[in-house]
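Asker: Following this line is coords_22.pdb, made up of PDB, C-alpha atoms and all ligand atoms:
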ATOM      1  CA  MET A 229     -96.375  64.201 201.470
ATOM      2  CA  ARG A 230     -97.046  67.617 199.968
ATOM      3  CA  VAL A 231     -94.492  70.387 199.858
ATOM      4  CA  LEU A 232     -95.152  74.041 199.091
ATOM      5  CA  ILE A 233     -92.157  75.986 197.824
ATOM      6  CA  ILE A 234     -92.409  79.773 198.024
ATOM      7  CA  GLU A 235     -89.348  81.067 196.193
ATOM      8  CA  ASP A 236     -89.185  83.737 193.500
ATOM      9  CA  GLU A 237     -85.847  82.714 192.011
ATOM     10  CA  LEU A 238     -86.951  80.442 189.198
ATOM     11  CA  LYS A 239     -83.656  78.583 189.062
ATOM     12  CA  ILE A 240     -83.859  77.663 192.746
ATOM     13  CA  SER A 241     -87.583  76.864 192.793
ATOM     14  CA  ASN A 242     -87.230  74.600 189.735
ATOM     15  CA  PHE A 243     -84.254  72.862 191.279
ATOM     16  CA  LEU A 244     -86.132  72.315 194.545
ATOM     17  CA  MET A 245     -89.278  71.143 192.759
ATOM     18  CA  LYS A 246     -87.333  68.593 190.750
ATOM     19  CA  GLY A 247     -85.447  67.368 193.821
ATOM     20  CA  PHE A 248     -88.545  66.899 195.990
ATOM     21  CA  LYS A 249     -90.485  65.253 193.141
ATOM     22  CA  GLU A 250     -87.695  62.751 192.661
ATOM     23  CA  GLU A 251     -88.097  61.837 196.322
ATOM     24  CA  GLY A 252     -91.804  61.126 195.857
ATOM     25  CA  TYR A 253     -93.233  64.345 197.291
ATOM     26  CA  ALA A 254     -96.076  66.227 195.623
ATOM     27  CA  VAL A 255     -94.778  69.729 194.999
ATOM     28  CA  ASP A 256     -96.456  73.083 194.439
ATOM     29  CA  VAL A 257     -94.519  76.251 193.772
ATOM     30  CA  SER A 258     -95.362  79.911 194.196
ATOM     31  CA  LEU A 259     -93.000  82.551 192.823
ATOM     32  CA  ASP A 260     -94.953  85.277 194.617
ATOM     33  CA  GLY A 261     -95.215  85.949 198.359
ATOM     34  CA  GLU A 262     -98.884  86.787 198.673
ATOM     35  CA  LYS A 263     -99.999  84.015 196.341
ATOM     36  CA  GLY A 264     -97.809  81.571 198.274
ATOM     37  CA  TYR A 265     -99.340  82.749 201.540
ATOM     38  CA  GLU A 266    -102.844  82.108 200.205
ATOM     39  CA  MET A 267    -101.829  78.627 199.038
ATOM     40  CA  ALA A 268    -100.359  77.878 202.467
ATOM     41  CA  LEU A 269    -103.593  79.011 204.152
ATOM     42  CA  SER A 270    -105.427  76.154 202.394
ATOM     43  CA  ASP A 271    -103.570  73.901 204.878
ATOM     44  CA  HIS A 272    -103.149  71.091 202.345
ATOM     45  CA  PHE A 273     -99.403  70.921 202.837
ATOM     46  CA  ASP A 274     -97.117  68.903 205.099
ATOM     47  CA  LEU A 275     -94.128  71.202 204.709
ATOM     48  CA  ILE A 276     -93.341  74.732 203.476
ATOM     49  CA  ILE A 277     -90.005  75.823 202.060
ATOM     50  CA  LEU A 278     -90.015  79.595 202.385
ATOM     51  CA  ASP A 279     -87.679  82.174 200.887
ATOM     52  CA  LEU A 280     -87.339  85.483 202.758
ATOM     53  CA  MET A 281     -87.025  88.108 200.016
ATOM     54  CA  LEU A 282     -90.170  87.762 197.922
ATOM     55  CA  PRO A 283     -92.328  90.018 195.777
ATOM     56  CA  SER A 284     -95.617  91.314 197.324
ATOM     57  CA  MET A 285     -95.112  89.730 200.775
ATOM     58  CA  ASP A 286     -91.827  88.787 202.451
ATOM     59  CA  GLY A 287     -91.124  85.431 204.060
ATOM     60  CA  LEU A 288     -91.095  86.664 207.664
ATOM     61  CA  THR A 289     -94.535  88.235 207.226
ATOM     62  CA  ILE A 290     -95.865  85.056 205.600
ATOM     63  CA  CYS A 291     -94.545  82.949 208.469
ATOM     64  CA  LYS A 292     -95.928  85.298 211.111
ATOM     65  CA  LYS A 293     -99.368  85.507 209.482
ATOM     66  CA  LEU A 294     -99.617  81.736 209.020
ATOM     67  CA  ARG A 295     -98.899  81.138 212.707
ATOM     68  CA  GLU A 296    -101.437  83.851 213.649
ATOM     69  CA  ASN A 297    -103.959  81.903 211.576
ATOM     70  CA  ASN A 298    -103.082  78.720 213.470
ATOM     71  CA  ILE A 299    -101.478  77.083 210.457
ATOM     72  CA  GLU A 300     -98.885  74.858 212.120
ATOM     73  CA  ILE A 301     -97.306  73.315 209.013
ATOM     74  CA  PRO A 302     -93.518  72.971 209.516
ATOM     75  CA  ILE A 303     -91.640  75.796 207.774
ATOM     76  CA  ILE A 304     -88.026  75.782 206.627
ATOM     77  CA  MET A 305     -86.754  79.263 205.769
ATOM     78  CA  LEU A 306     -84.242  79.735 202.980
ATOM     79  CA  THR A 307     -82.208  82.865 202.872
ATOM     80  CA  ALA A 308     -79.003  84.501 201.804
ATOM     81  CA  LYS A 309     -78.874  86.261 205.167
ATOM     82  CA  ALA A 310     -76.648  84.493 207.643
ATOM     83  CA  SER A 311     -76.448  86.595 210.761
ATOM     84  CA  VAL A 312     -77.501  85.236 214.139
ATOM     85  CA  ASP A 313     -80.067  88.046 214.483
ATOM     86  CA  ASP A 314     -81.728  86.980 211.246
ATOM     87  CA  LYS A 315     -81.943  83.400 212.418
ATOM     88  CA  VAL A 316     -83.406  84.432 215.756
ATOM     89  CA  THR A 317     -85.988  86.597 213.966
ATOM     90  CA  GLY A 318     -86.850  83.638 211.729
ATOM     91  CA  PHE A 319     -87.430  81.316 214.673
ATOM     92  CA  ASP A 320     -89.308  84.004 216.591
ATOM     93  CA  THR A 321     -91.803  84.418 213.760
ATOM     94  CA  GLY A 322     -92.530  80.690 213.853
ATOM     95  CA  ALA A 323     -90.078  79.005 211.477
ATOM     96  CA  ASP A 324     -89.028  75.474 212.434
ATOM     97  CA  ASP A 325     -85.712  75.455 210.651
ATOM     98  CA  TYR A 326     -83.424  77.776 208.741
ATOM     99  CA  LEU A 327     -81.047  77.139 205.846
ATOM    100  CA  VAL A 328     -78.576  79.654 204.431
ATOM    101  CA  LYS A 329     -78.054  79.865 200.656
ATOM    102  CA  PRO A 330     -76.193  78.368 198.970
ATOM    103  CA  PHE A 331     -77.125  75.026 200.490
ATOM    104  CA  VAL A 332     -76.808  71.400 199.478
ATOM    105  CA  PHE A 333     -80.115  69.800 198.539
ATOM    106  CA  ALA A 334     -79.294  66.652 200.520
ATOM    107  CA  GLU A 335     -79.179  68.769 203.669
ATOM    108  CA  LEU A 336     -82.532  70.395 202.948
ATOM    109  CA  LEU A 337     -83.984  66.961 202.327
ATOM    110  CA  ALA A 338     -82.576  65.562 205.566
ATOM    111  CA  ARG A 339     -83.947  68.532 207.532
ATOM    112  CA  SER A 340     -87.304  68.143 205.796
ATOM    113  CA  ARG A 341     -87.493  64.474 206.736
ATOM    114  CA  SER A 342     -86.530  65.228 210.293
ATOM    115  CA  LEU A 343     -89.242  67.901 210.605
ATOM    116  CA  LEU A 344     -91.849  65.662 209.021
ATOM    117  CA  ARG A 345     -90.918  62.881 211.440
ATOM    118  CA  LYS A 346     -91.219  65.233 214.417
ATOM    119  CA  ASN A 347     -94.543  66.446 213.138
ATOM    120  CA  ASN A 348     -95.769  62.912 212.642
ATOM    121  CA  LYS A 349     -97.372  62.290 216.026
ATOM    122  CA  ASP A 350     -97.047  58.520 216.021
ATOM    123  CA  LYS A 351     -93.414  58.754 214.839
ATOM    124  CA  ILE A 352     -93.694  55.672 212.691
ATOM    125  CA  SER A 353     -90.883  54.756 210.353
ATOM    126  CA  LYS A 354     -92.566  51.827 208.643
ATOM    127  CA  LEU A 355     -95.995  51.165 207.162
ATOM    128  CA  THR A 356     -97.185  47.577 206.956
ATOM    129  CA  VAL A 357    -100.279  46.127 205.276
ATOM    130  CA  ALA A 358    -100.457  42.312 205.079
ATOM    131  CA  ASP A 359     -97.025  41.235 203.785
ATOM    132  CA  LEU A 360     -96.298  44.604 202.176
ATOM    133  CA  GLU A 361     -93.812  46.832 203.955
ATOM    134  CA  LEU A 362     -92.905  50.446 203.183
ATOM    135  CA  ASP A 363     -89.934  52.029 204.906
ATOM    136  CA  LEU A 364     -90.591  55.768 205.322
ATOM    137  CA  THR A 365     -86.938  56.522 206.031
ATOM    138  CA  THR A 366     -85.262  54.710 203.149
ATOM    139  CA  HIS A 367     -88.267  54.771 200.766
ATOM    140  CA  ARG A 368     -87.800  51.053 200.085
ATOM    141  CA  VAL A 369     -90.775  48.760 199.552
ATOM    142  CA  PHE A 370     -90.936  45.007 200.151
ATOM    143  CA  ARG A 371     -93.619  42.418 199.552
ATOM    144  CA  SER A 372     -93.100  39.024 201.209
ATOM    145  CA  GLY A 373     -89.530  40.123 201.818
ATOM    146  CA  LYS A 374     -88.880  40.774 198.116
ATOM    147  CA  GLU A 375     -87.912  44.330 197.216
ATOM    148  CA  ILE A 376     -90.176  46.151 194.764
ATOM    149  CA  MET A 377     -88.745  49.038 192.761
ATOM    150  CA  LEU A 378     -91.168  51.948 192.405
ATOM    151  CA  THR A 379     -90.949  55.307 190.673
ATOM    152  CA  SER A 380     -91.298  58.339 192.937
ATOM    153  CA  ARG A 381     -94.895  58.886 191.882
ATOM    154  CA  GLU A 382     -95.826  55.246 192.460
ATOM    155  CA  TYR A 383     -94.159  55.439 195.856
ATOM    156  CA  GLY A 384     -96.155  58.568 196.772
ATOM    157  CA  LEU A 385     -99.366  56.881 195.736
ATOM    158  CA  LEU A 386     -98.567  53.700 197.664
ATOM    159  CA  GLU A 387     -97.648  55.650 200.801
ATOM    160  CA  TYR A 388    -100.964  57.494 200.634
ATOM    161  CA  PHE A 389    -102.867  54.220 200.146
ATOM    162  CA  MET A 390    -101.106  52.557 203.069
ATOM    163  CA  ARG A 391    -101.684  55.524 205.372
ATOM    164  CA  ASN A 392    -105.391  55.255 204.574
ATOM    165  CA  GLU A 393    -105.671  51.486 204.828
ATOM    166  CA  GLY A 394    -109.255  50.261 204.986
ATOM    167  CA  SER A 395    -110.840  53.588 203.971
ATOM    168  CA  ILE A 396    -112.432  54.485 200.674
ATOM    169  CA  ILE A 397    -110.049  56.656 198.699
ATOM    170  CA  THR A 398    -111.650  58.734 195.966
ATOM    171  CA  ARG A 399    -109.898  60.104 192.901
ATOM    172  CA  THR A 400    -110.442  63.598 194.324
ATOM    173  CA  MET A 401    -108.579  62.620 197.494
ATOM    174  CA  ILE A 402    -105.716  61.248 195.418
ATOM    175  CA  THR A 403    -105.645  64.412 193.307
ATOM    176  CA  GLU A 404    -105.617  66.663 196.355
ATOM    177  CA  ASN A 405    -103.024  64.722 198.286
ATOM    178  CA  ILE A 406    -100.660  63.199 195.781
ATOM    179  CA  TRP A 407    -100.840  65.294 192.671
ATOM    180  CA  ASP A 408     -99.996  68.948 192.495
ATOM    181  CA  ILE A 409    -102.520  71.664 191.794
ATOM    182  CA  ASN A 410    -101.730  71.786 188.084
ATOM    183  CA  TYR A 411    -102.858  68.211 187.609
ATOM    184  CA  ASP A 412    -105.416  67.908 184.819
ATOM    185  CA  SER A 413    -108.381  66.100 186.353
ATOM    186  CA  PHE A 414    -109.810  65.228 182.946
ATOM    187  CA  THR A 415    -107.069  62.786 182.124
ATOM    188  CA  ASN A 416    -106.986  59.223 183.356
ATOM    189  CA  VAL A 417    -103.497  59.602 184.796
ATOM    190  CA  ILE A 418    -104.547  58.307 188.221
ATOM    191  CA  ASP A 419    -105.946  55.084 186.763
ATOM    192  CA  VAL A 420    -102.782  54.665 184.728
ATOM    193  CA  TYR A 421    -100.610  54.960 187.840
ATOM    194  CA  ILE A 422    -102.838  52.637 189.838
ATOM    195  CA  ASN A 423    -102.387  50.064 187.088
ATOM    196  CA  TYR A 424     -98.611  50.489 187.236
ATOM    197  CA  LEU A 425     -98.765  49.998 190.994
ATOM    198  CA  ARG A 426    -101.039  46.941 190.706
ATOM    199  CA  ASN A 427     -98.622  45.352 188.265
ATOM    200  CA  LYS A 428     -95.793  45.815 190.713
ATOM    201  CA  ILE A 429     -97.314  45.042 194.098
ATOM    202  CA  ASP A 430    -100.365  42.836 193.369
ATOM    203  CA  LYS A 431    -100.029  40.996 190.075
ATOM    204  CA  ASP A 432     -97.737  38.208 191.253
ATOM    205  CA  TYR A 433     -99.429  37.708 194.619
ATOM    206  CA  GLU A 434    -102.530  35.804 195.600
ATOM    207  CA  ILE A 435    -103.799  38.378 198.082
ATOM    208  CA  LYS A 436    -104.639  41.620 196.280
ATOM    209  CA  LEU A 437    -104.211  44.845 198.214
ATOM    210  CA  ILE A 438    -105.640  47.463 195.835
ATOM    211  CA  HIS A 439    -109.404  47.073 195.501
ATOM    212  CA  THR A 440    -111.642  49.024 193.146
ATOM    213  CA  ILE A 441    -114.817  50.268 194.811
ATOM    214  CA  ARG A 442    -117.118  50.778 191.875
ATOM    215  CA  GLY A 443    -118.355  54.333 191.416
ATOM    216  CA  ARG A 444    -116.426  55.565 194.452
ATOM    217  CA  GLY A 445    -112.727  54.935 194.138
ATOM    218  CA  TYR A 446    -110.321  52.533 195.746
ATOM    219  CA  MET A 447    -109.580  50.769 198.980
ATOM    220  CA  PHE A 448    -106.220  49.511 200.145
ATOM    221  CA  SER A 449    -106.613  46.450 202.330
ATOM    222  CA  GLY A 450    -105.094  43.061 202.994
ATOM    223  CA  ALA A 451    -108.451  41.676 204.186
ATOM    224  CA  GLN A 452    -110.166  39.524 201.588
TER     225      GLN A 452
HETATM  226 CA    CA B 501     -85.935  85.725 196.830
END
Now, as a test, write the supplied structure out as structure tokens.
Answerer:
Amino acid sequence: MRVLIIEDELKISNFLMKGFKEEGYAVDVSLDGEKGYEMALSDHFDLIILDLMLPSMDGLTICKKLRENNIEIPIIMLTAKASVDDKVTGFDTGADDYLVKPFVFAELLARSRSLLRKNNKDKISKLTVADLELDLTTHRVFRSGKEIMLTSREYGLLEYFMRNEGSIITRTMITENIWDINYDSFTNVIDVYINYLRNKIDKDYEIKLIHTIRGRGYMFSGAQ
């Protein structure tokens, strides 16, 4: 899952970035309204956290313009404004949810999950491949009933693999979907993380799930 945070207050955007990353989301941040709007137009995101008062383009305008461009990514607005009129304006411009500052991160996270679930057409809460099970609600992973502890980045990678079971997954796809834009594509960080994941979910089991497709990338499959 990829989150775009458009928030010019560095303290808040850093705090949000850290919080979402810890939960296994890939996070991109824009401190500027117009730049954030252009990033959102790329349509690579699953969720947008949008501040209202921003330099160069305000949050309401961003929201309105995104919807005019048929970008339907769920948007949660963050603002210091708390009046009913402001909320109504927010929803009228196309926001899906609204949170008044100061807020508790756990609440933002819960609202984010709820929106992502609503947006997820098949409304699944669990991914299963062979005897591997990933619970999208609790973020717990089990293989043959035994719990496997993953870091947030490993979890994000595994979720992406499982959602694309049976398809070839290139490094570019992983970069675009799991890593943020600042990721340095010249490092072997993806291979390193795939090795971590292999050690945790495949090493001790006869049936391997992560397959290397030479020259192309990877495939996640329980079929031998
Ligand atoms: Ca602001």
Asker: As a quick test: using all atoms listed in the file, which residues lie no more than 7 Å away from ligand CA 501 (chain B)? Give them as a VMD selection string.
Answerer: chain A and resid 235 to 237 279 to 282
Asker: With distances taken over all atoms listed in the file, which of A:Ser342, A:Thr379, A:Asn416, A:Thr289 is nearest to Thr317 in chain A?
Answerer: A:Thr289
Asker: When distances are computed from all atoms listed in the file, which of A:Ser311, A:Ser340, A:Asn392, A:Ser449 shows the smallest separation from Asp325 in chain A?
Answerer: A:Ser340
Asker: Can you translate the PyMOL selection byres (((chain A and resi 297) around 12) and not hetatm) into the concrete residues it hits in this file, as an mmCIF file with C-alpha atoms, keeping the file's coordinate frame?
Answerer:
data_model
loop_
_atom_site.group_PDB
_atom_site.id
_atom_site.type_symbol
_atom_site.label_atom_id
_atom_site.label_comp_id
_atom_site.auth_asym_id
_atom_site.auth_seq_id
_atom_site.Cartn_x
_atom_site.Cartn_y
_atom_site.Cartn_z
ATOM 1 C CA TYR A 265 -99.340 82.749 201.540
ATOM 2 C CA GLU A 266 -102.844 82.108 200.205
ATOM 3 C CA ALA A 268 -100.359 77.878 202.467
ATOM 4 C CA LEU A 269 -103.593 79.011 204.152
ATOM 5 C CA SER A 270 -105.427 76.154 202.394
ATOM 6 C CA ASP A 271 -103.570 73.901 204.878
ATOM 7 C CA ILE A 290 -95.865 85.056 205.600
ATOM 8 C CA CYS A 291 -94.545 82.949 208.469
ATOM 9 C CA LYS A 292 -95.928 85.298 211.111
ATOM 10 C CA LYS A 293 -99.368 85.507 209.482
ATOM 11 C CA LEU A 294 -99.617 81.736 209.020
ATOM 12 C CA ARG A 295 -98.899 81.138 212.707
ATOM 13 C CA GLU A 296 -101.437 83.851 213.649
ATOM 14 C CA ASN A 298 -103.082 78.720 213.470
ATOM 15 C CA ILE A 299 -101.478 77.083 210.457
ATOM 16 C CA GLU A 300 -98.885 74.858 212.120
ATOM 17 C CA ILE A 301 -97.306 73.315 209.013
ATOM 18 C CA GLY A 322 -92.530 80.690 213.853
#
Asker: Looking at all atoms listed in the file, which of A:Phe331, A:Phe319, A:Tyr383, A:Tyr421 is the one that sits closest to Lys249 in chain A?
Answerer: A:Tyr383
Asker: Taking all atoms of range 270-284 of chain A that the file lists and extending 3 Å past them on each side, where is the centre of the axis-aligned box and how long are its edges? Answer in Å to one decimal, as JSON.
Answerer:
{"center_x": -96.2, "center_y": 80.1, "center_z": 200.4, "size_x": 24.4, "size_y": 28.4, "size_z": 15.3}
Asker: So how far away is CA of Leu275 in chain A from CA of Lys315 in chain A, in Å?
Answerer: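 Spanning CA of Lys315 in chain A to CA of Leu275 in chain A is a straight-line distance of 18.9 Å.
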Asker: Exactly which residues make up the result of the PyMOL selection byres (((chain A and resi 251-254) around 6) and not hetatm) on this file, given as a PyMOL selection string?
Answerer: chain A and resi 229-230+248-250+255+380-381+384+406-408
Asker: How many Å separate CA of Phe273 in chain A from CA of Asp260 in chain A?
Answerer: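 Between CA of Phe273 in chain A and CA of Asp260 in chain A the gap is 17.1 Å.
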Asker: Take CA of Thr321 in chain A and CA of Lys346 in chain A and report the distance between them in Å, one decimal.
Answerer: 19.2 Å
Asker: As a check of understanding, name the residues that the PyMOL selection byres (((chain A and resi 355) around 10) and not hetatm) selects in the supplied structure, as a compact mmCIF listing (two decimals) with C-alpha atoms, keeping the file's coordinate frame.
Answerer:
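Produced file selection-v6.txt, reproduced below:
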# COMPACT_ATOMS: atom_id res chain seq x y z
CA ILE A 352 -93.69 55.67 212.69
CA SER A 353 -90.88 54.76 210.35
CA LYS A 354 -92.57 51.83 208.64
CA THR A 356 -97.18 47.58 206.96
CA VAL A 357 -100.28 46.13 205.28
CA LEU A 360 -96.30 44.60 202.18
CA GLU A 361 -93.81 46.83 203.96
CA LEU A 362 -92.90 50.45 203.18
CA ASP A 363 -89.93 52.03 204.91
CA LEU A 364 -90.59 55.77 205.32
CA VAL A 369 -90.78 48.76 199.55
CA GLU A 387 -97.65 55.65 200.80
CA MET A 390 -101.11 52.56 203.07
CA ARG A 391 -101.68 55.52 205.37
CA GLU A 393 -105.67 51.49 204.83
